[in-house]
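K.L.:
Next up is a structure, given as structure tokens.
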Number of protein chains: 2
Amino acid sequence: MSNAYNRPDQLSPELRKRVLDTARRLGYPGPDPVARSLRTRKAGAVGLLLTENLSYAFRDPAAIQFLEGLALACEDAGHGLLLIPASPEREDVASVHRAGVDGFVVYSVPDDDPHLAAVLERPVPVVICDQPRIDQLDWVGPDDEGAVRVLAEHLIGLGHRRIGVSCMRLARGRNDGVASVHRQANASFHVQRSRLTALAAAFSEAGVDWAQVPVVERFDHSTESGASAAAQLLEIDPEITAIICTSDILALGALEEARRRGVRVPEDLTITGFDGIDDADRAGLTTVRQPVLEKGRAAGRLLLDTSEPGRPRDVLLETRLITGTTAAPPRSAEERWFGP
Amino acid sequence: MSNAYNRPDQLSPELRKRVLDTARRLGYPGPDPVARSLRTRKAGAVGLLLTENLSYAFRDPAAIQFLEGLALACEDAGHGLLLIPASPEREDVASVHRAGVDGFVVYSVPDDDPHLAAVLERPVPVVICDQPRIDQLDWVGPDDEGAVRVLAEHLIGLGHRRIGVSCMRLARGRNDGVASVHRQANASFHVQRSRLTALAAAFSEAGVDWAQVPVVERFDHSTESGASAAAQLLEIDPEITAIICTSDILALGALEEARRRGVRVPEDLTITGFDGIDDADRAGLTTVRQPVLEKGRAAGRLLLDTSEPGRPRDVLLETRLITGTTAAPPRSAEERWFGP
DNA sequence: GCCGGGTACTGAACCGTTACGGTTCCTCCA
DNA sequence: TGGAGGAACCGTAACGGTTCAGTACCCGGC
């Protein structure tokens with residue numbers, strides 16, 4: 001029977017037609033994909049674990065581009081892409097167990113997430129993305145530390161010493177406000193943690209006491225959050241000469257806030273972002289671009305590439321400093337250079 | 001065995017522990033989701049058919065918001081969301097057959113798409129979205145004709161008679177240029193077709209000869225396309241007083257083009273969009289807002305609501321005219337009102 | 001001591017497909 | 001005419017979990 005549908009070559013066209021006609025007459029709805037998967041041990045789909053209220057992901061341009069890249073890789077291989085429901089609230093690990101997939105991509109999930117643990121128990125390949133490496137698993141990610149260091153050195157070179165930092169949430173619980181050094185070091189969101197520690201390292205080397213640098217955290221990832229974070233930083237220390245944001249969205253919000261206050265960028269205040277999304281490009285933001293779409297595509301390829309030349313494999317993505325129009329020497333330094 | 005995992009209540013904790021220990025020792029990886037699906041006849045996932053190079057969807061803010069709404073509804077029900085690979089090039093209907101899902105949402109797919117036909121053959125519920133209704137199937141969509149009519153009447157009321165139209169692609173083949181009346185009427189993308197016919201009807205009633213109205217089509221859906229479409233319209237007829245775009249993205253591109261040319265909006269030229277995306281809001285675009293996220297959510301709910309109070313059901317979404325700052329009376333009319 | 005009723009556990013059928021080996025039958029060539 | 005070889009077709013055994021009927025056992029009541 002199934003041959004009639006899937007192997008036209010194995011039987012004569014005449015018989016095939018007869019079988020198909022009879023099947024139709026009997027109301028046979030075509031081969032059942034689930035039974036097929038059971039038998040062939042292939043689901044034809046890739047699972048994506050985001051562990052976020054999904055809407056969080058859909059509002060982050062970087063996440064969307066990652067999704068696009070991943071979807072493209074899946075499409076190339078004829079595989080579907082299954083978004084796993086994993087709301088942070090109800091710890092519904094069952095959704096991971098129920099997912100009929102040939103492998104998982106895990107993207108930027110907190111280290112201690114139960115869904116991640118559930119994925120690791122499944123006997124299928126897993127690719128880790130924007131997270132700490134896990135033994136024996138393929139890994140894809142940008143060189144966050146290196147990228148941050150380049151950005152930091154750019155700012156240090158410009159003369160900035162008194163800075164403020166605006167970052168995304170560091171752990172599951174909502175915390176809109178200053179993040180202590182302890183909280184920074186123990187952040188469960190890897191990307192944020194590594195960016196902050198790299199910043200701390202670079203500025204410490206330049207003689208800045210990191211404990212004195214105000215780091216403001218925002219739970220929601222939106223330009224509004226970025227704006228309010230910038231406002232809070234300027235309140236904490238009106239003398240800061242630069243606001244470093246760990247994402248472009250936050251930076252765009254900071255730009256808005258500066259405009260609202262009549263603070264000139266970059267003359268009075270330097271603002272930098274991170275990621276290199278399109279809107280940042282349009283705004284001329286000084287930021288670090290990482291190939292987000294490539295990241296998604298690489299993750300998909302890694303998972304679907306069956307040739308497997310010795311797992312685990314690593315894909316380290318190149319980043320590039322984009323010198324836009326939102327960073328300049330601080331006023332004091334400028335005066336030193338061009339002043340009377 | 002499976003009881004040990006899924007029905008802790010059915011057996012003594014002691015036996016359960018013994019079973020689980022033995023299972024672990026034997027390297028049993030936990031229940032197989034596919035086998036479970038086969039037996040229970042539930043996949044725990046919803047399929048989404050977009051029939052586009054997926055990247056097309058991921059670059060359209062309206063589509064993303066739809067996706068978000070749909071994902072939210074799925075998440076609420078603990079279902080996964082499977083993106084079906086359906087590139088327009090290779091007509092790979094197999095991907096539809098292979099999808100292990102409990103139902104499909106079909107979103108803005110050309111009427112004659114083979115993937116759509118394949119979906120209809122599957123014995124699972126289907127929700128149609130932003131497309132013509134199909135017998136016996138649930139349907140979700142905005143009142144496109146009504147919304148367009150409100151917009152058209154607004155412009156007619158302002159005094160516009162000599163207009164140009166910028167629209168998205170009307171059929172599968174690439175066609176960057178003027179779309180004949182015939183092509184408009186036979187567009188296989190329903191949304192575009194209904195918006196154009198509604199526009200034609202409204203303006204015809206106002207005494208405009210629709211055959212004389214330049215309608216420019218663009219294959220790619222981007223602000224660049226919107227800009228070049230606007231340029232082409234202004235070349236065809238420099239006297240037009242308004243450019244009506246069938247999407248906000250195209251309208252934003254038109255705004256860019258106007259700025260580039262030094263054409264003042266709305267003094268010299270009125271520009272309107274459609275959809276009501278966030279960027280349109282920020283730009284102050286005069287447009288029609290439809291609840292895109294709600295649309296996705298409604299589609300998901302319809303599909304997953306098992307109470308089924310008499311299918312098929314219809315969800316007609318409300319739209320609202322947003323009077324931004326990009327529409328005003330045409331210069332000639334203005335002069336008539338305020339001139340000497 | 002026997003029976004009824006409940007609980008704890010076991011075994012087998014079933015879901016629908018694909019893979020594979022076996023059978024038939026036809027053709028071609030010596 | 002017989003045998004080899006191949007094409008076309010058919011039957012059946014998994015795949016792995018769920019479900020349900022059925023068995024064993026225990027306890028209390030008469």
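Chain identifiers are assigned as A, B, and so on, following the order in which chains appear in the structure tokens; residues are numbered from 1 within each chain, and ligands are numbered from 1 in order of appearance.
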Would you write out, as JSON lines, a table of all residues in chain C that have an atom no more than 6 Å from an atom of chain A, listing for each the closest atom pair and the distance in Å to one decimal, considering only C-alpha atoms (C1' of nucleotides) and ordering rows by chain and rising residue number?
P.N.:
{"residue": "C:DG16", "atom": "C1'", "partner": "A:Ala35", "partner_atom": "CA", "distance": 5.2}
{"residue": "C:DT17", "atom": "C1'", "partner": "A:Arg36", "partner_atom": "CA", "distance": 4.8}
{"residue": "C:DT18", "atom": "C1'", "partner": "A:Arg39", "partner_atom": "CA", "distance": 5.9}
K.L.:
Write the residues you've just listed into a file as a PDB file, in the first residue's frame, and include C-alpha atoms (C1' of nucleotides) for each of them.
P.N.:
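Now in part.pdb:
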ATOM      1  C1'  DG C  16      -0.325   2.511  10.690  1.00  0.00           C
ATOM      2  C1'  DT C  17       3.726   2.381   8.481  1.00  0.00           C
ATOM      3  C1'  DT C  18       8.060   0.676   6.261  1.00  0.00           C
TER       4       DT C  18
END
K.L.:
Taking only C-alpha atoms (C1' of nucleotides) into account, report as a list in words which residues of chain D lie within 8 Å of chain A.
P.N.:
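Putting it all together, I get DA8, DC9, DC15 and DG16 of chain D.
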K.L.:
Write a file of the just-selected residues containing N, CA and C atoms (P, O5', C5', C4', C3', O3' and C1' of nucleotides), as a compact mmCIF listing (two decimals), in the first residue's frame.
P.N.:
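part_13.txt written:
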# COMPACT_ATOMS: atom_id res chain seq x y z
P DA D 8 8.70 -3.68 -13.27
O5' DA D 8 7.66 -4.56 -12.47
C5' DA D 8 6.86 -5.48 -13.18
C4' DA D 8 6.02 -6.25 -12.19
C3' DA D 8 5.27 -5.37 -11.19
O3' DA D 8 3.90 -5.75 -11.23
C1' DA D 8 6.44 -7.09 -10.07
P DC D 9 2.83 -4.84 -10.45
O5' DC D 9 2.65 -5.71 -9.14
C5' DC D 9 2.26 -7.08 -9.28
C4' DC D 9 2.54 -7.81 -8.00
C3' DC D 9 1.81 -7.29 -6.77
O3' DC D 9 0.80 -8.24 -6.44
C1' DC D 9 4.02 -8.04 -6.29
P DC D 15 12.15 -3.88 16.98
O5' DC D 15 11.61 -2.39 16.84
C5' DC D 15 11.95 -1.57 15.73
C4' DC D 15 11.06 -0.36 15.74
C3' DC D 15 10.64 0.08 17.14
O3' DC D 15 11.50 1.12 17.57
C1' DC D 15 8.82 0.18 15.55
P DG D 16 12.14 0.96 19.01
O5' DG D 16 10.99 1.49 19.97
C5' DG D 16 10.53 2.81 19.81
C4' DG D 16 9.27 2.99 20.61
C3' DG D 16 9.35 2.51 22.07
O3' DG D 16 8.74 3.48 22.87
C1' DG D 16 7.48 1.60 21.03
K.L.:
Name the residues of stretch 26-153 of chain B that fall into helix (DSSP H, G or I) according to DSSP on the backbone, using the chain letters and numbers of this document, as a PyMOL selection string.
P.N.:
chain B and resi 33-40+54-58+61-76+94-98+114-121+144-153
K.L.:
For the residues in the current selection, export N, CA and C atoms as a short mmCIF file (atom, residue, chain, number, x, y, z; two decimals), in the first residue's frame.
P.N.:
data_model
loop_
_atom_site.label_atom_id
_atom_site.label_comp_id
_atom_site.auth_asym_id
_atom_site.auth_seq_id
_atom_site.Cartn_x
_atom_site.Cartn_y
_atom_site.Cartn_z
N PRO B 33 8.26 9.89 21.99
CA PRO B 33 7.11 10.75 21.69
C PRO B 33 6.37 10.33 20.44
N VAL B 34 7.08 9.78 19.49
CA VAL B 34 6.42 9.41 18.24
C VAL B 34 5.50 8.21 18.46
N ALA B 35 6.00 7.23 19.17
CA ALA B 35 5.17 6.06 19.44
C ALA B 35 3.94 6.48 20.25
N ARG B 36 4.18 7.35 21.18
CA ARG B 36 3.06 7.84 21.97
C ARG B 36 2.02 8.53 21.08
N SER B 37 2.51 9.35 20.19
CA SER B 37 1.59 10.04 19.29
C SER B 37 0.81 9.05 18.44
N LEU B 38 1.49 8.04 17.99
CA LEU B 38 0.81 7.06 17.15
C LEU B 38 -0.36 6.44 17.91
N ARG B 39 -0.07 6.07 19.15
CA ARG B 39 -1.11 5.40 19.93
C ARG B 39 -2.22 6.37 20.33
N THR B 40 -1.87 7.52 20.82
CA THR B 40 -2.88 8.43 21.34
C THR B 40 -3.53 9.26 20.24
N LEU B 54 10.58 31.06 3.79
CA LEU B 54 10.26 31.47 5.15
C LEU B 54 10.84 32.84 5.48
N SER B 55 11.95 33.16 4.89
CA SER B 55 12.58 34.42 5.24
C SER B 55 11.70 35.59 4.82
N TYR B 56 10.86 35.36 3.86
CA TYR B 56 9.91 36.38 3.47
C TYR B 56 9.04 36.74 4.67
N ALA B 57 8.56 35.72 5.32
CA ALA B 57 7.68 35.94 6.48
C ALA B 57 8.43 36.62 7.62
N PHE B 58 9.66 36.21 7.84
CA PHE B 58 10.38 36.75 8.99
C PHE B 58 10.80 38.19 8.79
N PRO B 61 6.91 42.57 9.41
CA PRO B 61 6.50 42.76 10.80
C PRO B 61 5.09 42.25 11.06
N ALA B 62 4.22 42.39 10.09
CA ALA B 62 2.85 41.92 10.30
C ALA B 62 2.83 40.41 10.44
N ALA B 63 3.60 39.73 9.60
CA ALA B 63 3.65 38.28 9.67
C ALA B 63 4.23 37.82 11.00
N ILE B 64 5.23 38.54 11.46
CA ILE B 64 5.86 38.16 12.72
C ILE B 64 4.88 38.29 13.87
N GLN B 65 4.11 39.36 13.84
CA GLN B 65 3.15 39.54 14.91
C GLN B 65 2.07 38.46 14.86
N PHE B 66 1.71 38.11 13.66
CA PHE B 66 0.75 37.01 13.51
C PHE B 66 1.33 35.75 14.13
N LEU B 67 2.57 35.50 13.80
CA LEU B 67 3.28 34.33 14.31
C LEU B 67 3.30 34.36 15.83
N GLU B 68 3.55 35.55 16.37
CA GLU B 68 3.59 35.66 17.82
C GLU B 68 2.24 35.30 18.43
N GLY B 69 1.18 35.84 17.86
CA GLY B 69 -0.15 35.54 18.38
C GLY B 69 -0.45 34.05 18.31
N LEU B 70 -0.11 33.47 17.20
CA LEU B 70 -0.36 32.04 17.02
C LEU B 70 0.46 31.23 18.03
N ALA B 71 1.71 31.63 18.19
CA ALA B 71 2.59 30.92 19.13
C ALA B 71 2.03 31.04 20.55
N LEU B 72 1.49 32.19 20.89
CA LEU B 72 0.92 32.37 22.22
C LEU B 72 -0.25 31.42 22.44
N ALA B 73 -1.11 31.35 21.45
CA ALA B 73 -2.27 30.45 21.58
C ALA B 73 -1.80 29.01 21.74
N CYS B 74 -0.79 28.63 20.98
CA CYS B 74 -0.27 27.27 21.07
C CYS B 74 0.33 27.04 22.45
N GLU B 75 1.08 28.01 22.90
CA GLU B 75 1.72 27.88 24.20
C GLU B 75 0.66 27.68 25.29
N ASP B 76 -0.40 28.46 25.21
CA ASP B 76 -1.47 28.34 26.20
C ASP B 76 -1.99 26.91 26.28
N ALA B 94 5.63 16.79 -0.03
CA ALA B 94 5.92 15.75 0.96
C ALA B 94 6.03 16.33 2.36
N SER B 95 6.54 17.56 2.46
CA SER B 95 6.70 18.15 3.78
C SER B 95 5.36 18.28 4.49
N VAL B 96 4.32 18.50 3.74
CA VAL B 96 2.99 18.58 4.34
C VAL B 96 2.54 17.19 4.79
N HIS B 97 2.83 16.20 3.98
CA HIS B 97 2.44 14.84 4.33
C HIS B 97 3.21 14.31 5.54
N ARG B 98 4.43 14.80 5.69
CA ARG B 98 5.27 14.27 6.75
C ARG B 98 5.04 14.94 8.10
N PRO B 114 -0.12 24.15 -4.34
CA PRO B 114 -0.22 22.70 -4.15
C PRO B 114 -0.11 22.30 -2.68
N HIS B 115 0.63 23.06 -1.90
CA HIS B 115 0.74 22.74 -0.48
C HIS B 115 -0.62 22.85 0.19
N LEU B 116 -1.35 23.88 -0.19
CA LEU B 116 -2.68 24.06 0.37
C LEU B 116 -3.55 22.85 0.04
N ALA B 117 -3.48 22.41 -1.20
CA ALA B 117 -4.26 21.24 -1.60
C ALA B 117 -3.86 20.02 -0.76
N ALA B 118 -2.57 19.90 -0.51
CA ALA B 118 -2.09 18.76 0.28
C ALA B 118 -2.62 18.84 1.70
N VAL B 119 -2.66 20.04 2.24
CA VAL B 119 -3.19 20.22 3.60
C VAL B 119 -4.65 19.80 3.65
N LEU B 120 -5.40 20.20 2.62
CA LEU B 120 -6.84 19.90 2.64
C LEU B 120 -7.11 18.40 2.58
N GLU B 121 -6.14 17.65 2.05
CA GLU B 121 -6.33 16.20 1.97
C GLU B 121 -6.11 15.51 3.30
N ASP B 144 -11.12 43.14 5.07
CA ASP B 144 -10.26 43.88 4.15
C ASP B 144 -11.03 44.88 3.30
N GLU B 145 -12.09 44.40 2.69
CA GLU B 145 -12.85 45.29 1.81
C GLU B 145 -13.37 46.49 2.58
N GLY B 146 -13.96 46.23 3.73
CA GLY B 146 -14.51 47.33 4.51
C GLY B 146 -13.44 48.32 4.92
N ALA B 147 -12.32 47.80 5.36
CA ALA B 147 -11.23 48.66 5.82
C ALA B 147 -10.71 49.53 4.68
N VAL B 148 -10.54 48.91 3.53
CA VAL B 148 -10.05 49.66 2.39
C VAL B 148 -11.04 50.75 2.02
N ARG B 149 -12.29 50.39 2.10
CA ARG B 149 -13.32 51.36 1.73
C ARG B 149 -13.28 52.59 2.64
N VAL B 150 -13.11 52.35 3.93
CA VAL B 150 -13.03 53.47 4.87
C VAL B 150 -11.84 54.36 4.52
N LEU B 151 -10.73 53.72 4.24
CA LEU B 151 -9.53 54.48 3.88
C LEU B 151 -9.76 55.27 2.58
N ALA B 152 -10.34 54.58 1.61
CA ALA B 152 -10.56 55.21 0.30
C ALA B 152 -11.49 56.41 0.47
N GLU B 153 -12.53 56.23 1.26
CA GLU B 153 -13.48 57.32 1.43
C GLU B 153 -12.86 58.50 2.17
#
K.L.:
Pick from A:Pro329, A:Gly100, A:Gly27, A:Pro88: nearest to chain B, with only C-alpha atoms counted?
P.N.:
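Ranking A:Pro329, A:Gly100, A:Gly27, A:Pro88 by distance to chain B, first place goes to A:Gly100.
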K.L.:
Considering only C-alpha atoms (C1' of nucleotides), return as a ChimeraX atom specification whatever protein or nucleic-acid residues lie within 10 Å of C:DT10, sequence-local ones (same chain, fewer than 5 positions apart) excluded.
P.N.:
/D:22-24
K.L.:
Put those residues in a file: C-alpha atoms (C1' of nucleotides), as a short mmCIF file (atom, residue, chain, number, x, y, z; two decimals), in the first residue's frame.
P.N.:
data_model
loop_
_atom_site.label_atom_id
_atom_site.label_comp_id
_atom_site.auth_asym_id
_atom_site.auth_seq_id
_atom_site.Cartn_x
_atom_site.Cartn_y
_atom_site.Cartn_z
"C1'" DG D 22 -7.44 -10.09 33.22
"C1'" DT D 23 -4.85 -12.30 37.18
"C1'" DA D 24 -3.04 -12.44 41.69
#
K.L.:
So which residues touch A:Ile240 within 10 Å, counting only C-alpha atoms (C1' of nucleotides), skipping near sequence neighbours fewer than 4 positions away, as a compact mmCIF listing (two decimals) with C-alpha atoms, in the first residue's frame?
P.N.:
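The new file part26.txt reads:
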# COMPACT_ATOMS: atom_id res chain seq x y z
CA HIS A 160 35.90 57.24 28.44
CA ARG A 161 36.49 56.26 32.04
CA ARG A 162 33.29 57.25 33.77
CA ILE A 163 30.63 55.04 32.23
CA GLY A 164 27.27 53.46 32.87
CA VAL A 213 30.34 51.55 37.61
CA PRO A 214 26.55 51.71 37.72
CA LEU A 233 21.93 55.85 34.90
CA LEU A 234 22.00 59.60 34.33
CA GLU A 235 20.32 60.10 37.66
CA ILE A 236 22.73 57.86 39.50
CA ASP A 268 27.58 65.19 25.37
CA LEU A 269 27.08 61.47 25.67
CA THR A 270 28.36 58.38 23.93
CA PRO A 330 34.03 62.65 26.08
K.L.:
Stretch 133-266 of chain B: which residues are strand (DSSP E or B) by DSSP, as a ChimeraX atom specification?
P.N.:
/B:138-142,163-168,177-178,215-218,242-245
K.L.:
If I take atom CA of B:Gly207 and atom CA of B:Glu239, how far is one from the other in Å, to one decimal?
P.N.:
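Between atom CA of B:Gly207 and atom CA of B:Glu239 the gap works out to 17.5 Å.
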K.L.:
Between atom CA of A:Ala179 and atom CA of A:Leu49, what is the distance in Å, rounded to a tenth?
P.N.:
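Answer for the atom CA of A:Ala179 to atom CA of A:Leu49 separation: 27.1 Å.
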K.L.:
Of the candidates A:Arg25, A:Arg264, A:His182, A:Lys42, which one gets nearest to chain B if we count only C-alpha atoms?
P.N.:
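Distance minimum relative to chain B lands on A:Lys42.
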K.L.:
Which neighbours of C:DC29 fall inside 12 Å, counting only C-alpha atoms (C1' of nucleotides), when residues of the same chain fewer than 2 positions from it are skipped, and could you give them as a PDB file with C-alpha atoms (C1' of nucleotides), in the first residue's frame?
P.N.:
ATOM      1  C1'  DT C  27      11.481 -12.874 -20.737  1.00  0.00           C
TER       2       DT C  27
ATOM      3  C1'  DT D   1      12.653 -26.685 -23.818  1.00  0.00           C
ATOM      4  C1'  DG D   2      14.926 -25.531 -19.695  1.00  0.00           C
ATOM      5  C1'  DG D   3      17.173 -22.564 -16.748  1.00  0.00           C
ATOM      6  C1'  DA D   4      18.866 -18.117 -15.280  1.00  0.00           C
ATOM      7  C1'  DG D   5      17.718 -13.596 -14.136  1.00  0.00           C
TER       8       DG D   5
END
K.L.:
Find the residues near A:Ile84: any atom within 9 Å, counting only C-alpha atoms (C1' of nucleotides), skip ones fewer than 2 places away on the same chain, and give them as a list of chain:residue names.
P.N.:
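Final neighbour list, sorted by chain and number: A:Gly47, A:Leu48, A:Leu49, A:Leu50, A:Thr51, A:Leu82, A:Ala86, A:Ser95, A:Val96, A:Ala99, B:Ala45, B:Glu75, B:Gly78, B:His79, B:Gly80, B:Leu81, B:Leu82.
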K.L.:
Tell me, as an MDAnalysis selection string, which residues lie within 9 Å of B:Glu224, counting only C-alpha atoms (C1' of nucleotides); anything in the same chain fewer than 4 positions away does not count.
P.N.:
chainID B and resid 220 228:229 250 253:254 256:257
K.L.:
Between B:Ala283, B:Ile271, B:Leu252, B:Ala77, which has the minimum distance to B:Ser222 (counting only C-alpha atoms)?
P.N.:
B:Leu252
